[in-house]
$ cat run26.cif   # mmCIF, C-alpha atoms and all ligand atoms
data_my_file
#
loop_
_atom_site.label_atom_id
_atom_site.label_comp_id
_atom_site.auth_asym_id
_atom_site.auth_seq_id
_atom_site.Cartn_x
_atom_site.Cartn_y
_atom_site.Cartn_z
CA MET A 7 104.21 85.59 -43.42
CA THR A 8 106.74 84.70 -46.07
CA ALA A 9 105.18 84.46 -49.48
CA GLU A 10 106.83 81.78 -51.53
CA ILE A 11 105.06 82.62 -54.77
CA LYS A 12 107.11 85.07 -56.83
CA ALA A 13 105.29 85.30 -60.15
CA LEU A 14 102.86 83.83 -62.63
CA GLY A 15 105.28 81.55 -64.44
CA TYR A 16 103.14 79.76 -67.01
CA VAL A 17 99.57 78.98 -67.94
CA GLY A 18 98.00 76.05 -69.77
CA LEU A 19 94.97 76.73 -71.95
CA GLU A 20 92.69 73.99 -73.26
CA VAL A 21 91.63 75.07 -76.74
CA SER A 22 89.31 73.44 -79.25
CA ASP A 23 90.66 75.03 -82.43
CA MET A 24 94.45 74.82 -82.45
CA ASP A 25 94.92 76.10 -85.99
CA ARG A 26 92.90 79.26 -85.35
CA TRP A 27 94.79 79.78 -82.10
CA MET A 28 98.17 79.48 -83.82
CA HIS A 29 97.06 82.08 -86.35
CA PHE A 30 95.62 84.35 -83.64
CA ALA A 31 98.70 84.17 -81.38
CA GLY A 32 101.40 84.12 -84.03
CA ASP A 33 100.08 86.19 -86.93
CA LEU A 34 97.89 88.69 -85.03
CA LEU A 35 99.36 89.06 -81.54
CA GLY A 36 102.97 88.50 -82.64
CA ILE A 37 103.63 85.75 -80.09
CA PRO A 38 105.78 83.00 -81.65
CA ALA A 39 104.06 79.59 -81.55
CA SER A 40 105.68 76.20 -82.02
CA ARG A 41 104.17 72.73 -82.00
CA ARG A 42 105.46 69.91 -79.84
CA ASP A 43 105.49 66.25 -80.92
CA ASP A 44 102.35 65.60 -78.83
CA GLY A 45 100.41 68.23 -80.80
CA SER A 46 100.36 70.84 -78.03
CA VAL A 47 101.75 74.30 -78.72
CA ASP A 48 104.24 76.51 -76.87
CA LEU A 49 103.81 80.26 -76.99
CA ARG A 50 106.98 82.06 -75.97
CA LEU A 51 107.32 85.57 -74.58
CA ASP A 52 110.94 85.50 -73.37
CA ALA A 53 113.78 83.13 -72.45
CA TYR A 54 111.35 80.71 -70.77
CA SER A 55 110.90 77.77 -73.11
CA CYS A 56 107.13 78.02 -72.65
CA ARG A 57 104.97 80.68 -71.05
CA ILE A 58 101.59 79.83 -72.56
CA ARG A 59 100.88 76.20 -73.37
CA LEU A 60 97.99 75.39 -75.68
CA ILE A 61 96.55 71.92 -75.27
CA GLU A 62 93.90 70.58 -77.62
CA GLY A 63 90.57 69.89 -75.87
CA ALA A 64 86.91 70.77 -75.81
CA ARG A 65 86.76 73.02 -72.75
CA ASP A 66 88.19 76.28 -74.12
CA ASP A 67 89.30 77.32 -70.66
CA LEU A 68 92.26 77.60 -68.33
CA ALA A 69 93.73 74.11 -67.83
CA PHE A 70 96.29 75.12 -65.18
CA ALA A 71 98.11 78.15 -63.82
CA GLY A 72 101.78 77.70 -62.87
CA TRP A 73 103.08 79.89 -60.03
CA GLU A 74 106.82 80.23 -59.72
CA VAL A 75 108.75 79.96 -56.46
CA SER A 76 112.46 80.64 -56.12
CA ASP A 77 113.90 77.22 -55.31
CA ALA A 78 113.37 73.70 -53.94
CA ARG A 79 113.26 74.96 -50.37
CA ALA A 80 110.50 77.46 -51.17
CA LEU A 81 108.51 74.74 -52.95
CA GLU A 82 108.82 72.54 -49.87
CA ALA A 83 107.75 75.42 -47.60
CA LEU A 84 104.69 76.04 -49.76
CA ALA A 85 103.80 72.32 -49.69
CA VAL A 86 103.96 72.41 -45.88
CA ARG A 87 101.87 75.59 -45.75
CA LEU A 88 99.18 73.97 -47.92
CA MET A 89 99.21 70.86 -45.75
CA ASP A 90 98.82 72.98 -42.60
CA ALA A 91 95.83 74.71 -44.23
CA GLY A 92 94.28 71.31 -44.95
CA ILE A 93 94.71 71.61 -48.71
CA ALA A 94 95.79 68.50 -50.55
CA ALA A 95 98.83 68.98 -52.78
CA GLU A 96 100.30 66.25 -54.94
CA ARG A 97 103.74 65.89 -56.47
CA PRO A 98 103.05 64.79 -60.03
CA GLY A 99 106.66 63.64 -60.52
CA PRO A 100 109.44 63.84 -63.09
CA GLU A 101 107.31 63.11 -66.18
CA VAL A 102 105.05 66.11 -65.60
CA ALA A 103 108.02 68.28 -64.54
CA LYS A 104 109.69 67.36 -67.83
CA ASP A 105 106.51 68.22 -69.72
CA ARG A 106 106.28 71.61 -67.96
CA ARG A 107 110.05 72.10 -68.45
CA VAL A 108 110.70 72.80 -64.80
CA ARG A 109 112.82 71.05 -62.18
CA ASP A 110 109.97 70.21 -59.85
CA LEU A 111 106.36 71.10 -59.15
CA ILE A 112 103.43 70.48 -56.86
CA ARG A 113 99.76 70.56 -57.85
CA PHE A 114 96.71 71.65 -55.88
CA SER A 115 93.41 73.48 -56.36
CA ASP A 116 91.93 76.74 -55.19
CA SER A 117 88.56 76.87 -53.42
CA GLU A 118 86.72 76.65 -56.77
CA GLY A 119 88.70 73.80 -58.24
CA THR A 120 91.05 75.78 -60.48
CA VAL A 121 94.09 73.60 -61.11
CA LEU A 122 97.16 75.37 -59.75
CA GLU A 123 100.77 74.31 -59.96
CA ALA A 124 103.73 75.74 -58.09
CA PHE A 125 107.16 75.10 -59.56
CA TYR A 126 110.80 76.09 -59.55
CA GLY A 127 113.66 75.84 -62.01
CA PRO A 128 112.10 76.71 -65.39
CA LEU A 129 114.17 75.83 -68.44
CA GLN A 130 115.67 78.92 -70.05
CA ARG A 131 116.45 79.11 -73.78
CA THR A 132 118.74 82.12 -73.85
CA ASP A 133 120.42 80.38 -76.79
CA ALA A 134 117.23 80.59 -78.84
CA PRO A 135 115.28 83.79 -78.10
CA PRO A 136 111.68 83.85 -79.31
CA VAL A 137 111.42 85.61 -82.65
CA SER A 138 108.19 87.57 -82.96
CA PRO A 139 107.20 88.12 -86.59
CA TYR A 140 106.61 91.81 -85.75
CA GLY A 141 109.51 92.29 -83.36
CA VAL A 142 107.23 92.48 -80.30
CA ARG A 143 109.05 92.17 -76.98
CA PHE A 144 107.08 91.42 -73.85
CA LYS A 145 107.49 92.73 -70.34
CA THR A 146 108.09 89.71 -68.09
CA GLY A 147 111.13 89.19 -65.84
CA ARG A 148 110.37 89.57 -62.15
CA GLN A 149 106.79 90.51 -63.01
CA GLY A 150 106.10 87.11 -64.52
CA LEU A 151 104.25 86.47 -67.76
CA GLY A 152 101.30 88.82 -67.17
CA HIS A 153 98.04 88.36 -65.29
CA ILE A 154 94.96 86.20 -65.26
CA VAL A 155 91.45 87.10 -64.20
CA LEU A 156 89.34 84.28 -62.80
CA ALA A 157 85.56 84.16 -62.61
CA CYS A 158 84.42 83.04 -59.18
CA ARG A 159 81.22 82.13 -57.37
CA ASP A 160 82.34 82.66 -53.76
CA LYS A 161 84.79 85.56 -54.01
CA ALA A 162 85.32 85.97 -50.26
CA ARG A 163 86.46 82.37 -49.98
CA MET A 164 88.75 82.70 -53.01
CA MET A 165 90.23 85.91 -51.54
CA ASP A 166 90.96 84.11 -48.27
CA PHE A 167 92.65 81.28 -50.11
CA TYR A 168 94.89 83.46 -52.26
CA THR A 169 95.82 85.92 -49.50
CA ASP A 170 95.92 83.82 -46.31
CA VAL A 171 97.23 80.56 -47.78
CA LEU A 172 99.23 81.63 -50.84
CA GLY A 173 100.38 85.02 -49.53
CA PHE A 174 99.09 87.32 -52.28
CA ARG A 175 98.66 90.98 -51.31
CA ILE A 176 95.57 93.01 -52.18
CA SER A 177 96.40 95.91 -54.51
CA ASP A 178 92.93 97.44 -54.82
CA HIS A 179 89.31 96.91 -55.80
CA ILE A 180 87.08 98.17 -58.58
CA GLU A 181 83.36 98.61 -57.88
CA THR A 182 81.73 99.25 -61.21
CA GLU A 183 79.17 98.22 -63.78
CA VAL A 184 81.03 96.89 -66.83
CA ILE A 185 77.59 96.04 -68.17
CA SER A 186 75.19 98.74 -67.04
CA GLY A 187 72.73 97.64 -64.37
CA ARG A 188 75.02 94.86 -63.14
CA PRO A 189 77.18 95.96 -60.20
CA LEU A 190 80.49 94.17 -60.13
CA SER A 191 83.22 94.07 -57.49
CA ILE A 192 86.62 92.98 -58.81
CA SER A 193 89.64 92.53 -56.53
CA PHE A 194 93.27 92.71 -57.65
CA LEU A 195 96.06 90.67 -56.10
CA ARG A 196 99.82 90.87 -56.50
CA CYS A 197 102.80 88.64 -55.74
CA ASN A 198 105.55 90.94 -57.13
CA GLY A 199 105.88 94.48 -58.52
CA ARG A 200 103.25 93.89 -61.18
CA HIS A 201 100.09 95.63 -59.95
CA HIS A 202 98.23 92.33 -60.19
CA SER A 203 99.11 88.85 -61.35
CA LEU A 204 95.60 87.70 -60.48
CA ALA A 205 92.19 89.34 -60.28
CA LEU A 206 88.98 87.76 -59.00
CA ALA A 207 85.67 88.71 -60.58
CA PRO A 208 82.29 87.30 -59.55
CA VAL A 209 80.91 87.08 -63.08
CA PRO A 210 78.46 84.39 -64.25
CA ILE A 211 80.32 82.91 -67.22
CA PRO A 212 80.59 79.23 -68.04
CA ARG A 213 84.39 79.11 -67.73
CA LYS A 214 87.08 79.85 -65.18
CA ILE A 215 89.17 82.31 -67.13
CA VAL A 216 87.90 85.80 -67.90
CA HIS A 217 91.08 86.97 -69.57
CA LEU A 218 94.83 86.52 -69.81
CA MET A 219 96.96 89.67 -70.05
CA VAL A 220 100.29 90.01 -71.81
CA GLU A 221 102.21 93.30 -71.80
CA ALA A 222 104.24 94.62 -74.71
CA GLU A 223 107.35 96.72 -74.10
CA GLN A 224 106.35 99.31 -76.71
CA LEU A 225 103.09 101.20 -77.09
CA ASP A 226 103.29 100.93 -80.87
CA ASP A 227 103.05 97.15 -80.59
CA VAL A 228 99.63 97.49 -78.95
CA GLY A 229 98.40 99.69 -81.80
CA ARG A 230 99.80 97.39 -84.46
CA ALA A 231 98.33 94.27 -82.84
CA MET A 232 94.94 95.98 -82.51
CA TYR A 233 94.84 96.89 -86.19
CA ARG A 234 95.95 93.39 -87.22
CA CYS A 235 93.03 92.04 -85.14
CA LEU A 236 90.55 94.51 -86.63
CA GLU A 237 91.72 93.86 -90.18
CA ASN A 238 91.30 90.12 -89.63
CA GLY A 239 87.78 90.32 -88.24
CA VAL A 240 88.65 89.55 -84.62
CA HIS A 241 85.97 90.74 -82.18
CA LEU A 242 87.20 93.24 -79.57
CA SER A 243 85.39 92.61 -76.29
CA PHE A 244 86.74 95.90 -74.98
CA THR A 245 88.03 98.71 -77.17
CA LEU A 246 91.29 100.52 -76.53
CA GLY A 247 91.40 102.17 -73.11
CA ARG A 248 93.43 102.84 -69.99
CA HIS A 249 92.63 101.09 -66.75
CA SER A 250 91.98 103.17 -63.65
CA ASN A 251 94.02 101.04 -61.26
CA ASP A 252 97.05 99.51 -62.99
CA GLU A 253 97.12 102.21 -65.68
CA MET A 254 97.43 99.54 -68.38
CA LEU A 255 96.70 100.87 -71.83
CA SER A 256 95.14 97.92 -73.60
CA PHE A 257 92.54 96.35 -75.84
CA TYR A 258 90.79 92.98 -75.53
CA PRO A 259 90.62 90.76 -78.60
CA MET A 260 88.39 87.70 -78.15
CA SER A 261 90.47 84.56 -78.58
CA PRO A 262 89.25 81.64 -80.70
CA SER A 263 88.24 80.01 -77.38
CA GLY A 264 85.73 82.76 -76.54
CA PHE A 265 87.65 84.27 -73.60
CA ASP A 266 89.69 87.43 -74.03
CA ILE A 267 93.35 88.25 -74.24
CA GLU A 268 94.20 91.65 -72.79
CA TYR A 269 97.03 93.09 -74.85
CA GLY A 270 98.57 95.97 -72.99
CA TRP A 271 101.38 98.39 -72.40
CA GLY A 272 102.50 100.71 -69.62
CA GLY A 273 101.26 98.82 -66.54
CA LEU A 274 101.99 100.32 -63.15
CA GLU A 275 104.72 98.86 -60.98
CA VAL A 276 103.74 98.79 -57.31
CA ASP A 277 106.16 99.98 -54.67
CA ASP A 278 105.11 98.09 -51.51
CA GLU A 279 106.52 100.80 -49.26
CA GLY A 280 104.10 103.58 -50.22
CA TRP A 281 101.16 101.49 -51.40
CA HIS A 282 97.70 101.71 -49.89
CA VAL A 283 94.55 99.89 -50.91
CA VAL A 284 91.94 102.03 -52.66
CA THR A 285 88.62 101.42 -54.37
CA HIS A 286 88.11 102.65 -57.90
CA ALA A 287 84.68 103.70 -59.12
CA THR A 288 85.42 102.80 -62.73
CA ASN A 289 87.22 100.10 -64.64
CA SER A 290 88.99 102.60 -66.83
CA ALA A 291 90.14 106.22 -66.91
CA TRP A 292 88.97 106.26 -70.53
CA GLY A 293 87.92 103.81 -73.23
CA HIS A 294 87.55 100.03 -72.78
CA HIS A 295 84.02 100.12 -74.11
CA PHE A 296 82.38 96.73 -73.78
CA GLN A 297 81.18 95.26 -77.07
CA ARG A 298 78.79 92.32 -77.13
CA PRO A 299 80.26 89.28 -78.87
CA PRO A 300 78.82 87.87 -82.07
CA LYS A 301 76.07 85.39 -81.09
CA LYS A 302 77.92 82.15 -81.78
CA ASN A 303 80.64 82.93 -79.21
CA ALA A 304 78.43 84.59 -76.65
CA ASP A 305 79.00 83.89 -72.97
CA ALA A 306 76.23 84.62 -70.49
CA GLY A 307 76.20 88.37 -70.11
FE FE B 1 93.37 92.71 -67.06
#
$ encode --input "run26.cif" --output "structure tokens"
Amino acid sequence: MTAEIKALGYVGLEVSDMDRWMHFAGDLLGIPASRRDDGSVDLRLDAYSCRIRLIEGARDDLAFAGWEVSDARALEALAVRLMDAGIAAERPGPEVAKDRRVRDLIRFSDSEGTVLEAFYGPLQRTDAPPVSPYGVRFKTGRQGLGHIVLACRDKARMMDFYTDVLGFRISDHIETEVISGRPLSISFLRCNGRHHSLALAPVPIPRKIVHLMVEAEQLDDVGRAMYRCLENGVHLSFTLGRHSNDEMLSFYPMSPSGFDIEYGWGGLEVDDEGWHVVTHATNSAWGHHFQRPPKKNADAG
């Protein structure tokens, strides 16, 4: 089947403490943040006018994930595919497209009610590149903005939706115990050369998003960001480590919303030709030690 979805284009996060988020993203992670007139915030990683949109609200969770397709024809084809699968998709219209800074979009949900958007024609600001206060440059391009991990209740159903309906390919699986005594099976899905743009994890947490990953171009930027986080009292949910499957060298600062950002470097690029699905026995080749959050931010687990 033809897969219309090319990349994770943007995400919207509903956050309850915008000021802390602006400090966390801008001053600690080195991602430039700017406020819009409506009070929401754009975080920029590249020429896209917005990659991560922060919207003020109580939920502290993923508000929407925006998947990019190549053009109007591909968007139409995806809309037809969803209809054929019996999934309702709406066209929110020009006002929402203008808000998302894209030419057009459709909106639908996955099997657990995650709000998904598919769009084409994102506004590019090559005239005004994002200026990171620490000179961080992020790896995006054809690999999209990074990856998201979603918590799910019925993983098999979610896998069917993302592979059979949306055309994602399975990269691999990890069968491990991130917390000892609790077996966990995580599956990793790709829609371009990035090892995964999406992972599905059956973990019992009270929100949809487990983490959002952004990838720096330089290893030093990961080290610098980690020490800025540590020096500013940010909790690291996982210490520095290297993942077994996508080889990402990363650490996981807990965002002001209680979910994690994975801040990485050196992720594997998948070559479809020679790829085969494997199962990894561990989350990481080394490091990534889980650290329990301070009580006030604690999720179940
Ligand atoms: Fe990750």
$ atom_distance --input "run26.cif" --atom1 "CA of Arg188 (chain A)" --atom2 "CA of Trp281 (chain A)"
29.4 Å
$ closest_residue --input "run26.cif" --among "A:Glu62, A:Asp278, A:Asp67, A:Glu268" --to "ligand FE 1 (chain B)" --atoms "only C-alpha atoms and all ligand atoms"
A:Glu268
$ atom_distance --input "run26.cif" --atom1 "CA of Asp52 (chain A)" --atom2 "CA of Leu204 (chain A)"
20.2 Å
$ residues_near_ligand --input "run26.cif" --ligand "ligand FE 1 (chain B)" --cutoff "7 Å" --atoms "only C-alpha atoms and all ligand atoms" --output "PyMOL selection string"
chain A and resi 153-155+217-219+268
$ closest_residue --input "run26.cif" --among "A:Leu255, A:Ile180, A:Met165, A:Cys158" --to "Pro212 (chain A)" --atoms "only C-alpha atoms"
A:Cys158
$ closest_residue --input "run26.cif" --among "A:His202, A:Arg143, A:Lys301, A:Lys12" --to "Tyr126 (chain A)" --atoms "all atoms listed in the file"
A:Lys12
$ atom_distance --input "run26.cif" --atom1 "CA of Trp27 (chain A)" --atom2 "CA of Ser261 (chain A)"
7.3 Å
$ residues_around --input "run26.cif" --residues "Asp48 (chain A)" --least-positions-apart "5" --cutoff "6 Å" --atoms "only C-alpha atoms" --output "PyMOL selection string"
chain A and resi 39-40+56+59
$ residues_around --input "run26.cif" --residues "Phe70 (chain A)" --least-positions-apart "3" --cutoff "6 Å" --atoms "all atoms listed in the file" --output "list in words"
Val17, Gly18, Val121 and Leu122 of chain A
$ build_atoms --input "run26.cif" --residues "region 206-228 of chain A" --atoms "N, CA, C and O atoms" --output "mmCIF file, keeping the file's coordinate frame"
data_model
loop_
_atom_site.group_PDB
_atom_site.id
_atom_site.type_symbol
_atom_site.label_atom_id
_atom_site.label_comp_id
_atom_site.auth_asym_id
_atom_site.auth_seq_id
_atom_site.Cartn_x
_atom_site.Cartn_y
_atom_site.Cartn_z
ATOM 1 N N LEU A 206 90.133 88.636 -59.234
ATOM 2 C CA LEU A 206 88.980 87.760 -59.000
ATOM 3 C C LEU A 206 87.713 88.553 -59.282
ATOM 4 O O LEU A 206 87.506 89.636 -58.721
ATOM 5 N N ALA A 207 86.882 88.004 -60.155
ATOM 6 C CA ALA A 207 85.670 88.710 -60.580
ATOM 7 C C ALA A 207 84.473 87.774 -60.464
ATOM 8 O O ALA A 207 84.458 86.700 -61.074
ATOM 9 N N PRO A 208 83.474 88.152 -59.669
ATOM 10 C CA PRO A 208 82.290 87.300 -59.550
ATOM 11 C C PRO A 208 81.351 87.482 -60.739
ATOM 12 O O PRO A 208 80.320 88.142 -60.631
ATOM 13 N N VAL A 209 81.738 86.947 -61.883
ATOM 14 C CA VAL A 209 80.910 87.080 -63.080
ATOM 15 C C VAL A 209 80.366 85.714 -63.501
ATOM 16 O O VAL A 209 81.075 84.718 -63.426
ATOM 17 N N PRO A 210 79.094 85.677 -63.916
ATOM 18 C CA PRO A 210 78.460 84.390 -64.250
ATOM 19 C C PRO A 210 78.782 83.941 -65.671
ATOM 20 O O PRO A 210 77.952 84.055 -66.559
ATOM 21 N N ILE A 211 79.983 83.441 -65.885
ATOM 22 C CA ILE A 211 80.320 82.910 -67.220
ATOM 23 C C ILE A 211 80.620 81.423 -67.081
ATOM 24 O O ILE A 211 80.979 80.969 -65.994
ATOM 25 N N PRO A 212 80.465 80.686 -68.159
ATOM 26 C CA PRO A 212 80.590 79.230 -68.040
ATOM 27 C C PRO A 212 82.036 78.726 -68.054
ATOM 28 O O PRO A 212 82.276 77.566 -68.323
ATOM 29 N N ARG A 213 83.003 79.570 -67.783
ATOM 30 C CA ARG A 213 84.390 79.110 -67.730
ATOM 31 C C ARG A 213 85.123 79.817 -66.599
ATOM 32 O O ARG A 213 84.626 80.779 -66.031
ATOM 33 N N LYS A 214 86.316 79.286 -66.293
ATOM 34 C CA LYS A 214 87.080 79.850 -65.180
ATOM 35 C C LYS A 214 87.782 81.141 -65.566
ATOM 36 O O LYS A 214 87.859 82.081 -64.787
ATOM 37 N N ILE A 215 88.341 81.160 -66.777
ATOM 38 C CA ILE A 215 89.170 82.310 -67.130
ATOM 39 C C ILE A 215 88.315 83.419 -67.760
ATOM 40 O O ILE A 215 87.449 83.158 -68.588
ATOM 41 N N VAL A 216 88.532 84.636 -67.287
ATOM 42 C CA VAL A 216 87.900 85.800 -67.900
ATOM 43 C C VAL A 216 88.829 86.357 -68.967
ATOM 44 O O VAL A 216 88.446 86.547 -70.110
ATOM 45 N N HIS A 217 90.070 86.638 -68.569
ATOM 46 C CA HIS A 217 91.080 86.970 -69.570
ATOM 47 C C HIS A 217 92.488 86.701 -69.084
ATOM 48 O O HIS A 217 92.726 86.509 -67.891
ATOM 49 N N LEU A 218 93.395 86.663 -70.058
ATOM 50 C CA LEU A 218 94.830 86.520 -69.810
ATOM 51 C C LEU A 218 95.490 87.763 -70.390
ATOM 52 O O LEU A 218 95.223 88.127 -71.536
ATOM 53 N N MET A 219 96.307 88.446 -69.581
ATOM 54 C CA MET A 219 96.960 89.670 -70.050
ATOM 55 C C MET A 219 98.431 89.433 -70.345
ATOM 56 O O MET A 219 99.139 88.810 -69.547
ATOM 57 N N VAL A 220 98.852 89.923 -71.502
ATOM 58 C CA VAL A 220 100.290 90.010 -71.810
ATOM 59 C C VAL A 220 100.610 91.478 -72.071
ATOM 60 O O VAL A 220 99.760 92.230 -72.550
ATOM 61 N N GLU A 221 101.838 91.882 -71.728
ATOM 62 C CA GLU A 221 102.210 93.300 -71.800
ATOM 63 C C GLU A 221 103.388 93.500 -72.748
ATOM 64 O O GLU A 221 104.464 92.920 -72.534
ATOM 65 N N ALA A 222 103.175 94.312 -73.761
ATOM 66 C CA ALA A 222 104.240 94.620 -74.710
ATOM 67 C C ALA A 222 105.135 95.707 -74.135
ATOM 68 O O ALA A 222 104.707 96.525 -73.323
ATOM 69 N N GLU A 223 106.395 95.703 -74.572
ATOM 70 C CA GLU A 223 107.350 96.720 -74.100
ATOM 71 C C GLU A 223 107.105 98.082 -74.751
ATOM 72 O O GLU A 223 107.479 99.106 -74.206
ATOM 73 N N GLN A 224 106.527 98.063 -75.962
ATOM 74 C CA GLN A 224 106.350 99.310 -76.710
ATOM 75 C C GLN A 224 104.870 99.572 -76.979
ATOM 76 O O GLN A 224 104.145 98.660 -77.401
ATOM 77 N N LEU A 225 104.475 100.818 -76.807
ATOM 78 C CA LEU A 225 103.090 101.200 -77.090
ATOM 79 C C LEU A 225 102.695 100.906 -78.537
ATOM 80 O O LEU A 225 101.586 100.440 -78.811
ATOM 81 N N ASP A 226 103.612 101.159 -79.460
ATOM 82 C CA ASP A 226 103.290 100.930 -80.870
ATOM 83 C C ASP A 226 102.862 99.480 -81.142
ATOM 84 O O ASP A 226 102.065 99.219 -82.040
ATOM 85 N N ASP A 227 103.410 98.554 -80.366
ATOM 86 C CA ASP A 227 103.050 97.150 -80.590
ATOM 87 C C ASP A 227 101.594 96.875 -80.241
ATOM 88 O O ASP A 227 100.966 95.990 -80.827
ATOM 89 N N VAL A 228 101.047 97.635 -79.285
ATOM 90 C CA VAL A 228 99.630 97.490 -78.950
ATOM 91 C C VAL A 228 98.778 97.982 -80.127
ATOM 92 O O VAL A 228 97.835 97.317 -80.561
#
